[in-house]
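Reproduced below: protein_30.cif, with mmCIF, C-alpha atoms.
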data_my_file
loop_
_atom_site.label_atom_id
_atom_site.label_comp_id
_atom_site.auth_asym_id
_atom_site.auth_seq_id
_atom_site.Cartn_x
_atom_site.Cartn_y
_atom_site.Cartn_z
CA MET A 1 131.80 121.33 72.17
CA GLY A 2 133.65 123.41 74.79
CA LYS A 3 136.01 126.32 74.32
CA THR A 4 138.08 126.70 71.18
CA GLY A 5 140.02 129.55 69.64
CA TYR A 6 141.16 132.43 71.79
CA GLY A 7 142.57 135.88 71.30
CA ASN A 8 142.91 139.14 73.11
CA ASN A 9 144.28 142.59 72.53
CA GLN A 10 144.01 146.00 74.18
CA VAL A 11 140.32 146.16 73.23
CA ALA A 12 138.72 142.79 74.01
CA ASP A 13 139.02 139.20 75.13
CA ILE A 14 137.68 136.76 72.56
CA HIS A 15 136.95 133.04 72.71
CA ILE A 16 134.62 130.49 71.14
CA ASP A 17 132.46 128.40 73.47
CA ASN A 18 129.80 125.90 72.33
CA GLY A 19 129.59 127.39 68.84
CA ILE A 20 129.24 131.00 70.02
CA LEU A 21 132.04 133.54 69.77
CA HIS A 22 132.31 135.55 72.98
CA PHE A 23 133.59 139.08 72.50
CA VAL A 24 134.09 140.92 75.80
CA TYR A 25 135.27 144.53 75.74
CA LYS A 26 137.94 145.25 78.36
CA PRO A 27 137.12 147.81 81.08
CA ASN A 28 137.40 151.48 80.15
CA THR A 29 137.54 150.85 76.40
CA ILE A 30 136.91 153.73 74.03
CA LEU A 31 135.44 152.55 70.75
CA ASN A 32 137.07 154.63 68.04
CA LEU A 33 138.10 153.66 64.52
CA LYS A 34 141.52 152.38 65.64
CA ASN A 35 140.05 150.15 68.36
CA ALA A 36 137.17 148.96 66.17
CA THR A 37 139.63 147.93 63.45
CA ALA A 38 141.86 146.09 65.96
CA ALA A 39 138.82 144.32 67.46
CA VAL A 40 137.48 143.13 64.11
CA ASN A 41 140.91 141.95 62.96
CA GLN A 42 141.43 139.97 66.17
CA ARG A 43 137.94 138.44 65.94
CA LEU A 44 138.51 137.36 62.35
CA ALA A 45 141.85 135.80 63.30
CA VAL A 46 140.14 133.73 66.00
CA GLN A 47 137.30 132.71 63.65
CA LYS A 48 139.62 131.33 60.95
CA ASP A 49 137.15 131.97 58.07
CA ARG A 50 134.18 130.41 59.87
CA ALA A 51 130.96 132.34 60.61
CA TYR A 52 129.65 132.39 64.19
CA PRO A 53 126.91 133.98 66.23
CA ILE A 54 128.53 136.64 68.43
CA PHE A 55 127.92 137.32 72.11
CA CYS A 56 129.14 140.90 72.53
CA ASP A 57 129.58 142.17 76.10
CA VAL A 58 129.77 145.96 75.87
CA ARG A 59 129.83 146.62 79.62
CA GLY A 60 133.53 147.63 79.41
CA LEU A 61 132.88 150.40 76.90
CA VAL A 62 133.01 153.90 78.32
CA SER A 63 132.44 155.79 75.08
CA SER A 64 132.38 155.50 71.32
CA ASP A 65 132.64 157.73 68.32
CA LYS A 66 130.71 157.70 65.04
CA GLU A 67 133.65 156.36 62.99
CA GLY A 68 134.08 153.38 65.32
CA ARG A 69 130.36 152.60 65.39
CA ASP A 70 130.05 152.93 61.61
CA TYR A 71 133.05 150.64 61.05
CA LEU A 72 131.50 147.97 63.29
CA ALA A 73 128.12 148.33 61.59
CA LYS A 74 129.69 147.54 58.22
CA GLN A 75 133.01 145.67 58.55
CA GLY A 76 132.04 144.22 61.92
CA SER A 77 129.39 141.99 60.34
CA VAL A 78 131.85 139.91 58.28
CA LEU A 79 131.50 136.20 59.20
CA VAL A 80 128.76 136.95 61.73
CA LYS A 81 125.49 134.96 61.84
CA ALA A 82 123.82 136.99 64.60
CA VAL A 83 124.74 139.30 67.48
CA GLY A 84 123.48 139.30 71.05
CA ILE A 85 124.68 142.44 72.85
CA LEU A 86 124.92 142.48 76.65
CA ALA A 87 124.45 145.97 78.05
CA SER A 88 124.40 146.46 81.81
CA ASP A 89 122.32 149.57 82.22
CA PRO A 90 119.07 150.86 80.71
CA LEU A 91 120.69 153.98 79.22
CA THR A 92 123.30 151.98 77.29
CA ASN A 93 120.56 149.60 76.17
CA ARG A 94 118.48 152.49 74.82
CA ILE A 95 121.46 154.10 73.07
CA ILE A 96 122.39 150.84 71.34
CA SER A 97 118.77 150.15 70.38
CA PHE A 98 118.45 153.68 68.94
CA TYR A 99 121.66 153.25 66.93
CA MET A 100 120.51 149.86 65.62
CA ASN A 101 117.15 151.29 64.55
CA ASN A 102 118.96 153.96 62.55
CA SER A 103 121.73 151.79 61.08
CA LYS A 104 119.51 148.78 60.27
CA PRO A 105 121.96 145.86 60.88
CA ARG A 106 122.07 143.31 58.05
CA ILE A 107 122.20 140.41 60.51
CA PRO A 108 119.88 139.49 63.40
CA THR A 109 120.93 141.71 66.31
CA LYS A 110 119.35 142.20 69.73
CA VAL A 111 120.30 143.96 72.97
CA PHE A 112 119.92 142.19 76.31
CA SER A 113 120.36 143.06 79.97
CA GLN A 114 121.01 139.43 80.97
CA ARG A 115 123.78 137.14 79.71
CA PHE A 116 121.55 134.04 79.73
CA ALA A 117 118.95 135.71 77.49
CA ALA A 118 121.60 136.81 74.97
CA LEU A 119 123.14 133.33 74.82
CA SER A 120 119.69 131.71 74.47
CA PHE A 121 118.95 133.99 71.49
CA LEU A 122 122.28 133.04 69.85
CA GLU A 123 121.93 129.27 70.33
CA LYS A 124 119.55 128.97 67.38
CA PHE A 125 122.29 130.32 65.10
CA THR A 126 124.97 127.80 66.08
CA GLY A 127 123.99 125.26 63.40
CA SER A 128 125.44 125.32 59.92
CA LYS A 129 123.21 127.86 58.18
#

Any chance you could put this one into structure tokens?
Amino acid sequence: MGKTGYGNNQVADIHIDNGILHFVYKPNTILNLKNATAAVNQRLAVQKDRAYPIFCDVRGLVSSDKEGRDYLAKQGSVLVKAVGILASDPLTNRIISFYMNNSKPRIPTKVFSQRFAALSFLEKFTGSK
């Protein structure tokens, strides 16, 4: 399949590769409502009304606020089949896992410390479901 669709803004670089949308936060990003809204709008523009599993690399995030997280938990799931989150350190992994346990995502979502594991999880969602 290869790479298709691409977009970037001040928040993230986004591209589609082999049926998986890659969403990579830029270094030193603060996830607030403004940035969450910009990120979702850019992702939806790249997706062109087609649902994808999402590989979300959060290693560039330095902080987030409740409004930004809540926006992503609700509006961020539009046209999303599943999410594999790549977190680089155990503390970030625990924080994301805690937030997911409390917000109960409506779509399959898991946190990983290795890129390969996240992409392997997402591969089963690349078909037309």

Report task. For stretch 79-84 of chain A, list every protein, DNA or RNA residue within 10 Å, evaluated using all atoms listed in the file, and leave out those in the same chain fewer than 4 positions away; present the list as a ChimeraX atom specification. Result -> /A:20-22,43-44,47-57,75,105-112,115,117-129

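One distance worth recording is that between atom CA of A:Lys34 and atom CA of A:Gln10, which is 10.9 Å.
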
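Of the listed residues (A:Leu31, A:Ile96, A:Val62, A:Val78), A:Val78 comes nearest to A:Ala45; the distances count all atoms listed in the file.
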
What's the 10 Å shell around stretch 24-29 of chain A, counting all atoms listed in the file, without same-chain residues fewer than 5 positions away, as a short mmCIF file (atom, residue, chain, number, x, y, z; two decimals) with C-alpha atoms, keeping the file's coordinate frame?
data_model
loop_
_atom_site.label_atom_id
_atom_site.label_comp_id
_atom_site.auth_asym_id
_atom_site.auth_seq_id
_atom_site.Cartn_x
_atom_site.Cartn_y
_atom_site.Cartn_z
CA ASN A 8 142.91 139.14 73.11
CA ASN A 9 144.28 142.59 72.53
CA GLN A 10 144.01 146.00 74.18
CA VAL A 11 140.32 146.16 73.23
CA ALA A 12 138.72 142.79 74.01
CA ASP A 13 139.02 139.20 75.13
CA ILE A 14 137.68 136.76 72.56
CA HIS A 15 136.95 133.04 72.71
CA ASN A 35 140.05 150.15 68.36
CA ALA A 39 138.82 144.32 67.46
CA PHE A 55 127.92 137.32 72.11
CA CYS A 56 129.14 140.90 72.53
CA ASP A 57 129.58 142.17 76.10
CA VAL A 58 129.77 145.96 75.87
CA ARG A 59 129.83 146.62 79.62
CA GLY A 60 133.53 147.63 79.41
CA LEU A 61 132.88 150.40 76.90
CA VAL A 62 133.01 153.90 78.32
CA SER A 63 132.44 155.79 75.08
CA SER A 64 132.38 155.50 71.32
CA ILE A 85 124.68 142.44 72.85
CA LEU A 86 124.92 142.48 76.65
#
